[in-house]
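For reference, structure11.cif (mmCIF, C-alpha atoms and all ligand atoms):
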data_target
loop_
_atom_site.label_atom_id
_atom_site.label_comp_id
_atom_site.auth_asym_id
_atom_site.auth_seq_id
_atom_site.Cartn_x
_atom_site.Cartn_y
_atom_site.Cartn_z
CA MET A 1 -1.79 -13.69 18.56
CA THR A 2 0.45 -16.24 16.85
CA GLU A 3 4.18 -15.96 17.20
CA ILE A 4 5.55 -13.82 14.37
CA SER A 5 8.15 -15.75 12.39
CA ASP A 6 11.74 -14.53 12.47
CA GLU A 7 11.75 -14.06 8.68
CA THR A 8 8.77 -11.69 8.73
CA ARG A 9 9.48 -9.82 11.97
CA PHE A 10 11.03 -6.85 10.16
CA LEU A 11 7.73 -6.14 8.37
CA HIS A 12 5.86 -5.85 11.66
CA ALA A 13 8.41 -3.30 12.83
CA ILE A 14 7.73 -1.00 9.86
CA GLU A 15 5.03 1.52 10.71
CA MET A 16 4.62 3.09 7.29
CA GLY A 17 5.89 2.76 3.72
CA LEU A 18 5.81 4.72 0.48
CA GLY A 19 3.64 3.69 -2.48
CA ALA A 20 5.27 4.01 -5.91
CA MET A 21 2.27 3.48 -8.19
CA GLN A 22 2.44 7.18 -9.06
CA TRP A 23 5.91 6.72 -10.60
CA GLY A 24 5.05 6.30 -14.27
CA ASP A 25 1.29 5.80 -14.12
CA ARG A 26 -0.62 7.99 -16.58
CA ALA A 27 -4.08 6.42 -16.42
CA ILE A 28 -4.99 7.45 -12.87
CA TRP A 29 -2.18 9.69 -11.78
CA GLN A 30 -1.22 11.75 -14.89
CA TYR A 31 2.50 11.06 -14.58
CA GLY A 32 4.37 13.13 -17.18
CA ARG A 33 1.71 15.83 -17.27
CA GLU A 34 1.24 17.13 -13.71
CA TYR A 35 4.56 15.89 -12.38
CA GLY A 36 7.48 13.75 -13.51
CA VAL A 37 10.76 12.07 -12.65
CA GLU A 38 12.19 15.05 -10.74
CA GLU A 39 9.21 15.26 -8.41
CA VAL A 40 8.92 11.54 -7.67
CA GLY A 41 12.68 11.34 -7.09
CA GLN A 42 12.31 14.12 -4.53
CA ALA A 43 9.39 12.26 -2.92
CA PHE A 44 11.61 9.19 -2.58
CA ARG A 45 14.50 11.12 -1.03
CA ALA A 46 12.20 13.09 1.29
CA SER A 47 10.73 9.79 2.51
CA LEU A 48 14.16 8.30 3.19
CA ASP A 49 15.25 11.48 4.98
CA ALA A 50 12.14 11.22 7.18
CA GLY A 51 12.87 7.57 8.00
CA VAL A 52 10.27 6.01 5.66
CA ARG A 53 12.32 3.28 3.99
CA PHE A 54 9.85 0.68 2.72
CA VAL A 55 8.87 1.24 -0.94
CA ASP A 56 6.00 -0.61 -2.60
CA THR A 57 6.07 -0.97 -6.38
CA ALA A 58 4.84 -3.51 -8.97
CA GLU A 59 5.91 -4.74 -12.39
CA LEU A 60 2.55 -3.38 -13.59
CA TYR A 61 3.09 0.23 -12.47
CA GLY A 62 3.94 2.34 -15.49
CA ASN A 63 4.56 -0.94 -17.29
CA GLY A 64 7.86 -1.41 -15.43
CA LEU A 65 8.77 2.28 -15.24
CA SER A 66 8.08 2.48 -11.49
CA GLU A 67 10.59 -0.33 -10.87
CA ARG A 68 13.15 1.24 -13.22
CA LEU A 69 12.81 4.64 -11.52
CA LEU A 70 13.22 3.01 -8.13
CA GLY A 71 16.44 1.41 -9.43
CA ARG A 72 17.70 4.79 -10.62
CA PHE A 73 16.85 6.53 -7.34
CA LEU A 74 18.52 3.76 -5.33
CA GLN A 75 21.73 4.28 -7.29
CA GLU A 76 21.63 7.98 -6.45
CA THR A 77 21.47 7.48 -2.67
CA ASP A 78 23.58 5.82 -0.01
CA GLN A 79 20.57 5.38 2.24
CA PRO A 80 19.19 1.86 2.52
CA ALA A 81 15.63 1.08 1.42
CA LEU A 82 13.43 -1.99 1.71
CA ILE A 83 11.78 -3.06 -1.52
CA ALA A 84 8.44 -4.72 -2.16
CA THR A 85 7.18 -5.49 -5.65
CA LYS A 86 4.44 -7.60 -7.19
CA PHE A 87 3.82 -10.39 -9.69
CA PHE A 88 0.76 -10.02 -11.89
CA PRO A 89 -0.85 -13.43 -12.51
CA TRP A 90 -1.86 -13.02 -16.14
CA PRO A 91 -3.78 -16.15 -17.24
CA TRP A 92 -0.89 -17.28 -19.44
CA ARG A 93 1.49 -17.20 -16.48
CA PHE A 94 0.26 -20.50 -15.10
CA SER A 95 3.49 -22.41 -14.55
CA LYS A 96 5.11 -22.80 -11.14
CA GLN A 97 8.23 -21.13 -12.55
CA ALA A 98 6.35 -17.99 -13.65
CA PRO A 99 6.85 -15.97 -10.41
CA LEU A 100 10.57 -16.79 -10.39
CA ARG A 101 10.98 -15.67 -14.01
CA ALA A 102 8.97 -12.50 -13.43
CA LEU A 103 10.90 -11.71 -10.24
CA ARG A 104 14.17 -11.92 -12.19
CA GLY A 105 12.73 -9.27 -14.52
CA SER A 106 11.80 -7.06 -11.57
CA LEU A 107 15.25 -7.49 -10.00
CA ALA A 108 16.88 -6.45 -13.29
CA ARG A 109 14.69 -3.34 -13.52
CA VAL A 110 15.33 -2.33 -9.89
CA GLY A 111 19.00 -3.28 -10.21
CA VAL A 112 19.23 -5.35 -7.03
CA GLU A 113 19.96 -9.02 -6.35
CA ARG A 114 17.22 -9.51 -3.81
CA ILE A 115 14.09 -7.75 -2.60
CA ASP A 116 12.36 -7.82 0.77
CA LEU A 117 8.78 -8.73 -0.16
CA TYR A 118 7.35 -10.31 -3.34
CA GLN A 119 3.57 -10.25 -3.60
CA ILE A 120 0.92 -11.76 -5.87
CA HIS A 121 -0.83 -8.61 -7.08
CA TRP A 122 -4.34 -10.10 -7.43
CA PRO A 123 -5.69 -13.62 -7.03
CA ASN A 124 -6.37 -15.48 -10.26
CA PRO A 125 -8.78 -18.40 -9.80
CA LEU A 126 -7.74 -19.72 -13.23
CA ILE A 127 -4.25 -20.43 -11.94
CA GLY A 128 -5.07 -21.57 -8.45
CA SER A 129 -3.57 -20.67 -5.13
CA ASP A 130 -1.39 -23.75 -4.67
CA ARG A 131 0.53 -23.24 -7.89
CA LEU A 132 1.04 -19.53 -7.24
CA MET A 133 2.22 -20.21 -3.68
CA ASP A 134 4.57 -22.98 -4.84
CA GLY A 135 5.94 -20.41 -7.28
CA LEU A 136 6.41 -17.83 -4.51
CA ALA A 137 8.15 -20.41 -2.32
CA GLU A 138 10.60 -21.04 -5.19
CA CYS A 139 11.46 -17.33 -5.12
CA VAL A 140 12.36 -17.52 -1.41
CA LYS A 141 14.33 -20.74 -1.86
CA ALA A 142 16.28 -19.18 -4.75
CA GLY A 143 17.25 -16.35 -2.36
CA LEU A 144 15.69 -13.69 -4.58
CA THR A 145 13.28 -12.36 -1.97
CA ARG A 146 13.40 -12.26 1.79
CA THR A 147 9.63 -12.82 2.20
CA VAL A 148 6.49 -13.35 0.13
CA GLY A 149 2.93 -12.12 0.35
CA VAL A 150 -0.37 -11.67 -1.42
CA SER A 151 -2.54 -8.71 -2.32
CA ASN A 152 -6.29 -8.28 -2.66
CA TYR A 153 -6.83 -11.71 -1.11
CA GLY A 154 -10.11 -12.24 0.74
CA HIS A 155 -10.44 -14.35 3.84
CA ALA A 156 -10.71 -17.82 2.28
CA ARG A 157 -8.04 -17.19 -0.34
CA MET A 158 -5.67 -15.77 2.26
CA LEU A 159 -6.04 -18.85 4.46
CA ALA A 160 -5.49 -21.14 1.45
CA ALA A 161 -2.36 -19.19 0.55
CA TYR A 162 -1.14 -19.36 4.17
CA SER A 163 -1.54 -23.16 4.23
CA ALA A 164 0.00 -23.69 0.78
CA LEU A 165 3.07 -21.69 1.75
CA GLU A 166 3.25 -23.44 5.13
CA ARG A 167 3.51 -26.77 3.29
CA ASN A 168 6.59 -25.30 1.58
CA GLY A 169 8.01 -24.17 4.93
CA VAL A 170 7.56 -20.50 4.01
CA PRO A 171 5.47 -18.02 6.05
CA LEU A 172 2.86 -15.81 4.42
CA ALA A 173 4.37 -12.45 5.34
CA ALA A 174 1.72 -9.97 4.18
CA ASN A 175 -1.66 -9.30 2.63
CA GLN A 176 -1.83 -5.92 0.88
CA VAL A 177 -5.41 -4.67 0.74
CA HIS A 178 -7.49 -1.57 0.22
CA TYR A 179 -7.97 -0.07 3.67
CA SER A 180 -8.80 3.47 4.67
CA LEU A 181 -11.30 5.46 6.72
CA LEU A 182 -13.49 5.31 3.59
CA ASN A 183 -13.07 1.59 2.95
CA ARG A 184 -13.11 -0.57 6.08
CA THR A 185 -14.15 -3.83 4.47
CA VAL A 186 -11.09 -5.74 5.73
CA GLU A 187 -11.80 -4.60 9.27
CA LYS A 188 -15.48 -5.51 9.14
CA ASP A 189 -15.12 -8.91 7.48
CA GLY A 190 -12.46 -10.06 9.94
CA ILE A 191 -9.42 -10.18 7.62
CA LEU A 192 -7.50 -7.69 9.74
CA ALA A 193 -8.13 -9.71 12.91
CA ARG A 194 -7.15 -12.94 11.15
CA CYS A 195 -3.93 -11.33 9.87
CA ASN A 196 -3.01 -10.34 13.42
CA GLU A 197 -3.86 -13.82 14.67
CA LEU A 198 -1.64 -15.50 12.07
CA GLY A 199 1.25 -13.02 12.20
CA ILE A 200 0.52 -11.77 8.66
CA ARG A 201 1.35 -8.08 8.21
CA MET A 202 -1.59 -6.16 6.77
CA ILE A 203 -0.38 -3.55 4.32
CA ALA A 204 -2.97 -0.84 3.62
CA TYR A 205 -3.12 0.55 0.10
CA CYS A 206 -5.07 3.73 -0.79
CA PRO A 207 -4.85 4.80 2.89
CA LEU A 208 -5.66 8.37 1.78
CA GLU A 209 -8.47 7.06 -0.43
CA ARG A 210 -6.59 8.42 -3.43
CA GLY A 211 -6.36 11.92 -1.96
CA MET A 212 -10.00 12.19 -0.76
CA LEU A 213 -8.91 12.01 2.90
CA THR A 214 -6.44 14.87 2.59
CA GLY A 215 -9.22 17.46 2.71
CA LYS A 216 -8.14 19.20 -0.48
CA TYR A 217 -11.01 17.84 -2.59
CA THR A 218 -14.52 19.21 -2.12
CA PRO A 219 -17.71 19.06 -4.18
CA GLU A 220 -16.60 22.41 -5.65
CA ASN A 221 -13.06 21.17 -6.26
CA PRO A 222 -13.19 17.48 -7.26
CA PRO A 223 -10.12 15.58 -8.46
CA ALA A 224 -9.40 15.51 -12.17
CA GLY A 225 -9.35 12.51 -14.48
CA ARG A 226 -10.54 9.01 -13.62
CA ARG A 227 -10.85 9.69 -9.91
CA ALA A 228 -13.66 12.19 -10.58
CA SER A 229 -16.07 9.54 -11.87
CA LYS A 230 -15.50 7.38 -8.80
CA TYR A 231 -15.44 9.99 -6.04
CA ALA A 232 -17.03 13.30 -7.10
CA LYS A 233 -20.56 12.27 -6.09
CA PHE A 234 -19.42 11.24 -2.57
CA LEU A 235 -17.36 14.31 -1.73
CA ALA A 236 -20.26 16.11 -0.04
CA SER A 237 -20.89 13.17 2.32
CA VAL A 238 -17.18 13.00 3.26
CA GLN A 239 -17.03 16.61 4.49
CA PRO A 240 -18.33 15.95 8.07
CA LEU A 241 -15.63 13.29 8.53
CA LEU A 242 -12.99 15.70 7.20
CA LYS A 243 -14.25 18.39 9.56
CA TYR A 244 -13.77 16.05 12.51
CA MET A 245 -10.34 14.98 11.20
CA THR A 246 -9.32 18.66 11.02
CA GLN A 247 -10.41 19.15 14.63
CA VAL A 248 -8.55 16.03 15.80
CA GLY A 249 -5.45 17.18 13.92
CA GLN A 250 -5.61 20.55 15.68
CA ASP A 251 -5.86 18.80 19.05
CA HIS A 252 -2.56 17.10 18.20
CA GLY A 253 -0.67 20.33 17.50
CA GLY A 254 -1.77 21.00 13.94
CA LYS A 255 -1.65 17.62 12.21
CA SER A 256 -3.17 17.56 8.72
CA CYS A 257 -6.12 15.41 7.62
CA ALA A 258 -3.67 13.19 5.67
CA GLN A 259 -1.60 12.66 8.83
CA VAL A 260 -4.73 11.84 10.85
CA ALA A 261 -5.89 9.35 8.16
CA LEU A 262 -2.50 7.59 8.14
CA ASN A 263 -2.20 7.58 11.93
CA TRP A 264 -5.68 6.01 12.14
CA THR A 265 -4.47 3.17 9.87
CA ILE A 266 -1.43 2.63 12.06
CA CYS A 267 -3.59 2.62 15.20
CA LYS A 268 -5.71 -0.11 13.57
CA GLY A 269 -2.63 -2.33 13.25
CA ALA A 270 -1.97 -2.01 9.51
CA MET A 271 0.98 -0.50 7.61
CA PRO A 272 -0.16 2.35 5.33
CA ILE A 273 1.78 2.90 2.11
CA PRO A 274 0.58 6.32 0.90
CA GLY A 275 1.55 7.30 -2.62
CA ALA A 276 3.28 10.67 -2.95
CA LYS A 277 3.84 12.68 -6.12
CA ASN A 278 6.34 15.14 -4.66
CA ALA A 279 8.53 15.94 -1.66
CA ALA A 280 5.89 18.09 0.07
CA GLN A 281 3.38 15.24 0.10
CA ALA A 282 6.01 12.70 1.21
CA GLU A 283 7.20 14.98 4.02
CA GLN A 284 3.68 15.64 5.20
CA ASN A 285 2.81 11.93 5.15
CA ALA A 286 5.91 11.10 7.19
CA GLY A 287 4.49 13.46 9.83
CA ALA A 288 1.92 10.75 10.58
CA LEU A 289 4.68 9.04 12.58
CA GLY A 290 5.87 9.78 16.10
CA TRP A 291 2.50 10.43 17.75
CA ARG A 292 -0.72 8.54 18.33
CA LEU A 293 -4.47 9.16 18.20
CA THR A 294 -6.25 8.20 21.41
CA ASP A 295 -8.58 5.17 21.49
CA GLU A 296 -11.49 7.54 21.86
CA GLU A 297 -10.48 9.55 18.79
CA VAL A 298 -10.14 6.33 16.77
CA ALA A 299 -13.63 5.29 17.88
CA ARG A 300 -15.06 8.70 16.95
CA LEU A 301 -13.37 8.57 13.55
CA ASP A 302 -14.89 5.10 13.03
CA PHE A 303 -18.29 6.50 13.94
CA ALA A 304 -17.95 9.41 11.50
CA SER A 305 -16.78 7.06 8.73
CA ASP A 306 -19.72 4.70 9.33
CA ALA A 307 -22.07 7.50 8.33
CA ILE A 308 -20.64 7.58 4.79
CA ALA A 309 -22.19 5.15 2.32
CA MET A 310 -19.43 4.79 -0.22
CA PRO A 311 -19.24 1.56 -2.23
CA THR A 312 -15.97 -0.29 -1.70
CA MET A 313 -13.57 -0.73 -4.57
CA THR A 314 -11.77 -3.93 -3.67
CA ALA A 315 -12.84 -7.24 -5.20
CA HIS A 316 -12.07 -10.01 -2.76
N1 LIG A 401 -2.13 -3.96 -4.41
C1 LIG A 401 -2.95 -3.21 -5.13
O1 LIG A 401 -3.83 -3.70 -5.85
C2 LIG A 401 -2.80 -1.71 -5.04
C3 LIG A 401 -3.79 -0.87 -5.55
C4 LIG A 401 -3.60 0.51 -5.43
C5 LIG A 401 -2.47 1.02 -4.81
N2 LIG A 401 -1.51 0.16 -4.33
C6 LIG A 401 -0.30 0.66 -3.64
O2 LIG A 401 -0.69 1.51 -2.58
C7 LIG A 401 -0.07 2.79 -2.72
C8 LIG A 401 -1.00 3.85 -2.15
O3 LIG A 401 -2.26 3.87 -2.80
P1 LIG A 401 -2.61 5.05 -3.82
O4 LIG A 401 -1.34 5.75 -4.20
O5 LIG A 401 -3.43 4.46 -4.91
O6 LIG A 401 -3.57 6.00 -2.99
P2 LIG A 401 -3.34 6.94 -1.72
O7 LIG A 401 -2.05 6.65 -1.07
O8 LIG A 401 -4.58 6.82 -0.92
O9 LIG A 401 -3.34 8.40 -2.37
C9 LIG A 401 -2.20 8.92 -2.97
C10 LIG A 401 -2.52 10.26 -3.63
O10 LIG A 401 -3.02 11.17 -2.67
C11 LIG A 401 -2.49 12.48 -2.92
N3 LIG A 401 -1.65 12.79 -1.75
C12 LIG A 401 -0.73 11.98 -1.14
N4 LIG A 401 -0.21 12.57 -0.07
C13 LIG A 401 -0.80 13.77 0.03
C14 LIG A 401 -0.69 14.84 0.96
N5 LIG A 401 0.11 14.76 2.01
N6 LIG A 401 -1.43 15.95 0.75
C15 LIG A 401 -2.28 16.04 -0.29
N7 LIG A 401 -2.44 15.05 -1.21
C16 LIG A 401 -1.71 13.94 -1.05
C17 LIG A 401 -1.71 12.39 -4.20
O11 LIG A 401 -2.57 12.59 -5.33
P3 LIG A 401 -3.06 14.03 -5.87
O12 LIG A 401 -2.03 15.03 -5.46
O13 LIG A 401 -3.23 13.86 -7.32
O14 LIG A 401 -4.39 14.23 -5.17
C18 LIG A 401 -1.29 10.93 -4.22
O15 LIG A 401 -1.03 10.49 -5.52
C19 LIG A 401 0.20 2.89 -4.24
O16 LIG A 401 1.17 3.86 -4.54
C20 LIG A 401 0.64 1.47 -4.53
O17 LIG A 401 1.99 1.27 -4.13
C21 LIG A 401 -1.68 -1.19 -4.41
#

Encoded form (structure tokens):
Amino acid sequence: MTEISDETRFLHAIEMGLGAMQWGDRAIWQYGREYGVEEVGQAFRASLDAGVRFVDTAELYGNGLSERLLGRFLQETDQPALIATKFFPWPWRFSKQAPLRALRGSLARVGVERIDLYQIHWPNPLIGSDRLMDGLAECVKAGLTRTVGVSNYGHARMLAAYSALERNGVPLAANQVHYSLLNRTVEKDGILARCNELGIRMIAYCPLERGMLTGKYTPENPPAGRRASKYAKFLASVQPLLKYMTQVGQDHGGKSCAQVALNWTICKGAMPIPGAKNAAQAEQNAGALGWRLTDEEVARLDFASDAIAMPTMTAH
């Protein structure tokens, strides 16, 4: 394993974060219908109270509303939080200054002078890695973010980003990717191992596979909305895995399937950032901390997950 740089060490010390895509998103998550500002504010405070202090948002989430809500919640608490947000590389945002300009917008919405991690949300081959990384390096040099990272970057793109940033004297701090017991692409194609080798923190999004790993959805009770078209037909094949997760949870004093799923991610060496719509979900997810699955349980969970043929969602 490569020496972790001083600038990025804090990220490796964070076991779990909180995803804030739910804060304002109507397309997938039905914000404003099923739940609203009160509930997500409570999820934020419950996370802080439980020691989960790293919040992942993006300028894209709720078209800026997630960042604005985070700003409002930060003003209402004395507790410190670490903030990660993301730049979306629209094709017209091709200049080297684009990330810096966009980050200033994010800072204004969150109401802070500096964040902890600024990530490129998706690669855009039309813009090119070097220009995007030069733009990220500008953000660090301007003192507007402590570290920078990428998201949804495959192996080759991640290495190119690592080298481009290195030329600017800036470490690639993180790669945020889809990683769960139902999507182990990054583990199987070697990205996770390469991250560990290079001291890049892997941040796992959708660690609960959008709720499917919590055990509350079944073929008889599928999720509503857009998630149904993606997942409903696989719910029957996920049940044996969930049955084993329930058993493992019981062996650890009554841990839930969600807690087992998140603990598995931590055991794999990645930082899960589960989204939570309310305090109960946030509190339960925080209960994934403070204990550990055994190596044998992790191996058995891997085995049970291998039996499920679910197409992966991430484009690398
Ligand atoms: N970089 C990227 O391209 C990218 C893409 C996606 C997400 N992300 C980030 O990753 C974060 C996490 O991913 P995600 O939110 O899409 O998926 P997720 O964390 O796998 O699932 C979150 C959903 O699961 C349900 N849930 C959460 N905790 C629960 C609990 N304890 N018990 C029962 N249900 C629970 C909730 O939905 P219901 O109650 O409706 O079931 C919640 O909205 C996002 O918030 C975002 O910050 C990044």

Which residues of stretch 149-237 of chain A have any atom within 9 Å of an atom in stretch 241-258 of chain A when counting all atoms listed in the file, and what is the closest pair of atoms for each, with the distance in Å to one decimal? Order the rows by chain and rising number and write it as JSON lines.
{"residue": "A:Pro207", "atom": "CA", "partner": "A:Ala258", "partner_atom": "CA", "distance": 8.9}
{"residue": "A:Leu208", "atom": "CA", "partner": "A:Ala258", "partner_atom": "CA", "distance": 6.5}
{"residue": "A:Gly211", "atom": "CA", "partner": "A:Ala258", "partner_atom": "CA", "distance": 8.2}
{"residue": "A:Leu213", "atom": "CA", "partner": "A:Ala258", "partner_atom": "CA", "distance": 6.0}
{"residue": "A:Thr214", "atom": "CA", "partner": "A:Ala258", "partner_atom": "CA", "distance": 4.5}
{"residue": "A:Gly215", "atom": "CA", "partner": "A:Leu242", "partner_atom": "CA", "distance": 6.1}
{"residue": "A:Ser237", "atom": "CA", "partner": "A:Leu241", "partner_atom": "CA", "distance": 8.1}

task: Using all atoms listed in the file, find the one residue out of A:Met158, A:Leu48, A:Val110, A:Ala261 that sits nearest to ligand LIG 401 (chain A).
output: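 Among the listed residues, A:Ala261 lies closest to ligand LIG 401 (chain A).
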
Fewer than 2 positions away in the same chain doesn't count, so skip those; otherwise give me all residues within 10 Å of A:Leu74, counting all atoms listed in the file, as a PDB file with C-alpha atoms, in the frame of the given file.
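Saved as out_27.pdb:
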ATOM      1  CA  GLY A  41      12.680  11.340  -7.090  1.00  0.00           C
ATOM      2  CA  PHE A  44      11.610   9.190  -2.580  1.00  0.00           C
ATOM      3  CA  ARG A  45      14.500  11.120  -1.030  1.00  0.00           C
ATOM      4  CA  ARG A  68      13.150   1.240 -13.220  1.00  0.00           C
ATOM      5  CA  LEU A  69      12.810   4.640 -11.520  1.00  0.00           C
ATOM      6  CA  LEU A  70      13.220   3.010  -8.130  1.00  0.00           C
ATOM      7  CA  GLY A  71      16.440   1.410  -9.430  1.00  0.00           C
ATOM      8  CA  ARG A  72      17.700   4.790 -10.620  1.00  0.00           C
ATOM      9  CA  GLU A  76      21.630   7.980  -6.450  1.00  0.00           C
ATOM     10  CA  THR A  77      21.470   7.480  -2.670  1.00  0.00           C
ATOM     11  CA  ASP A  78      23.580   5.820  -0.010  1.00  0.00           C
ATOM     12  CA  GLN A  79      20.570   5.380   2.240  1.00  0.00           C
ATOM     13  CA  PRO A  80      19.190   1.860   2.520  1.00  0.00           C
ATOM     14  CA  ALA A  81      15.630   1.080   1.420  1.00  0.00           C
ATOM     15  CA  VAL A 110      15.330  -2.330  -9.890  1.00  0.00           C
ATOM     16  CA  GLY A 111      19.000  -3.280 -10.210  1.00  0.00           C
ATOM     17  CA  VAL A 112      19.230  -5.350  -7.030  1.00  0.00           C
TER      18      VAL A 112
END

Under the rule of at most 6 Å, produce a per-residue listing of chain A near ligand LIG 401 (chain A): chain, number, name, the closest pair of atoms, and the distance in Å, as CSV, using all atoms listed in the file.
residue,atom,partner,partner_atom,distance
A:Gly19,CA,A:LIG401,O16,3.2
A:Ala20,CA,A:LIG401,O16,4.3
A:Met21,CA,A:LIG401,O16,3.8
A:Gln22,CA,A:LIG401,O16,5.8
A:Asp56,CA,A:LIG401,O17,4.7
A:Thr57,CA,A:LIG401,O17,5.2
A:His121,CA,A:LIG401,N1,5.5
A:Ser151,CA,A:LIG401,N1,5.2
A:Gln176,CA,A:LIG401,N1,5.6
A:Tyr205,CA,A:LIG401,O2,3.7
A:Cys206,CA,A:LIG401,O8,3.1
A:Pro207,CA,A:LIG401,O8,4.3
A:Leu208,CA,A:LIG401,O8,3.3
A:Glu209,CA,A:LIG401,O8,3.9
A:Arg210,CA,A:LIG401,O9,3.4
A:Gly211,CA,A:LIG401,O10,3.5
A:Thr214,CA,A:LIG401,C15,5.2
A:Ala258,CA,A:LIG401,N5,5.5
A:Ile273,CA,A:LIG401,C7,5.2
A:Pro274,CA,A:LIG401,O7,3.3
A:Gly275,CA,A:LIG401,O4,3.6
A:Ala276,CA,A:LIG401,C12,4.6
A:Lys277,CA,A:LIG401,O15,5.4
A:Gln281,CA,A:LIG401,N5,3.8
A:Gln284,CA,A:LIG401,N5,4.9
A:Asn285,CA,A:LIG401,N5,5.0

Next, the residues of the selection above should be written as a tab-separated table (two decimals), keeping the file's coordinate frame with C-alpha atoms.
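This is the output file part32.tsv:
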chain	number	residue	atom	x	y	z
A	19	GLY	CA	3.64	3.69	-2.48
A	20	ALA	CA	5.27	4.01	-5.91
A	21	MET	CA	2.27	3.48	-8.19
A	22	GLN	CA	2.44	7.18	-9.06
A	56	ASP	CA	6.00	-0.61	-2.60
A	57	THR	CA	6.07	-0.97	-6.38
A	121	HIS	CA	-0.83	-8.61	-7.08
A	151	SER	CA	-2.54	-8.71	-2.32
A	176	GLN	CA	-1.83	-5.92	0.88
A	205	TYR	CA	-3.12	0.55	0.10
A	206	CYS	CA	-5.07	3.73	-0.79
A	207	PRO	CA	-4.85	4.80	2.89
A	208	LEU	CA	-5.66	8.37	1.78
A	209	GLU	CA	-8.47	7.06	-0.43
A	210	ARG	CA	-6.59	8.42	-3.43
A	211	GLY	CA	-6.36	11.92	-1.96
A	214	THR	CA	-6.44	14.87	2.59
A	258	ALA	CA	-3.67	13.19	5.67
A	273	ILE	CA	1.78	2.90	2.11
A	274	PRO	CA	0.58	6.32	0.90
A	275	GLY	CA	1.55	7.30	-2.62
A	276	ALA	CA	3.28	10.67	-2.95
A	277	LYS	CA	3.84	12.68	-6.12
A	281	GLN	CA	3.38	15.24	0.10
A	284	GLN	CA	3.68	15.64	5.20
A	285	ASN	CA	2.81	11.93	5.15

task: Would you list the contacts of A:Glu166 as a list in words, taking every protein, DNA or RNA residue within 12 Å and counting all atoms listed in the file, but skipping same-chain residues closer than 4 positions in sequence?
output: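 Neighbouring residues, sequence-local ones excluded: Ser5, Asp130, Met133, Asp134, Leu136, Ala137, Val148, Leu159, Ala160, Ala161, Tyr162, Val170, Pro171, Leu172, Ala173 and Leu198 of chain A.
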
Give me the residues near A:Ala236 as an mmCIF file with C-alpha atoms, in the coordinates of the input, where near means some atom within 12 Å (using all atoms listed in the file) and where sequence neighbours in that chain fewer than 2 positions away do not count.
data_model
loop_
_atom_site.group_PDB
_atom_site.id
_atom_site.type_symbol
_atom_site.label_atom_id
_atom_site.label_comp_id
_atom_site.auth_asym_id
_atom_site.auth_seq_id
_atom_site.Cartn_x
_atom_site.Cartn_y
_atom_site.Cartn_z
ATOM 1 C CA MET A 212 -10.000 12.190 -0.760
ATOM 2 C CA GLY A 215 -9.220 17.460 2.710
ATOM 3 C CA TYR A 217 -11.010 17.840 -2.590
ATOM 4 C CA THR A 218 -14.520 19.210 -2.120
ATOM 5 C CA PRO A 219 -17.710 19.060 -4.180
ATOM 6 C CA GLU A 220 -16.600 22.410 -5.650
ATOM 7 C CA ASN A 221 -13.060 21.170 -6.260
ATOM 8 C CA PRO A 222 -13.190 17.480 -7.260
ATOM 9 C CA TYR A 231 -15.440 9.990 -6.040
ATOM 10 C CA ALA A 232 -17.030 13.300 -7.100
ATOM 11 C CA LYS A 233 -20.560 12.270 -6.090
ATOM 12 C CA PHE A 234 -19.420 11.240 -2.570
ATOM 13 C CA VAL A 238 -17.180 13.000 3.260
ATOM 14 C CA GLN A 239 -17.030 16.610 4.490
ATOM 15 C CA PRO A 240 -18.330 15.950 8.070
ATOM 16 C CA LEU A 241 -15.630 13.290 8.530
ATOM 17 C CA LEU A 242 -12.990 15.700 7.200
ATOM 18 C CA LYS A 243 -14.250 18.390 9.560
ATOM 19 C CA ILE A 308 -20.640 7.580 4.790
ATOM 20 C CA ALA A 309 -22.190 5.150 2.320
ATOM 21 C CA MET A 310 -19.430 4.790 -0.220
#

- request: Excluding A:Leu289 and any residue of its chain fewer than 6 positions from it, enumerate the residues within 9 Å of it, using only C-alpha atoms, and give them as a PyMOL selection string.
  value: chain A and resi 15-16+259+262-263+266

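A straight line drawn from atom CA of A:Tyr61 to atom CA of A:Lys86 is 9.5 Å long.
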
query: Which of these, A:Arg194, A:Lys230, A:Lys216, A:Arg109, has the shortest distance to A:Ile28 once you count all atoms listed in the file?
result: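 With all atoms listed in the file as the atom set, the closest residue is A:Lys230.
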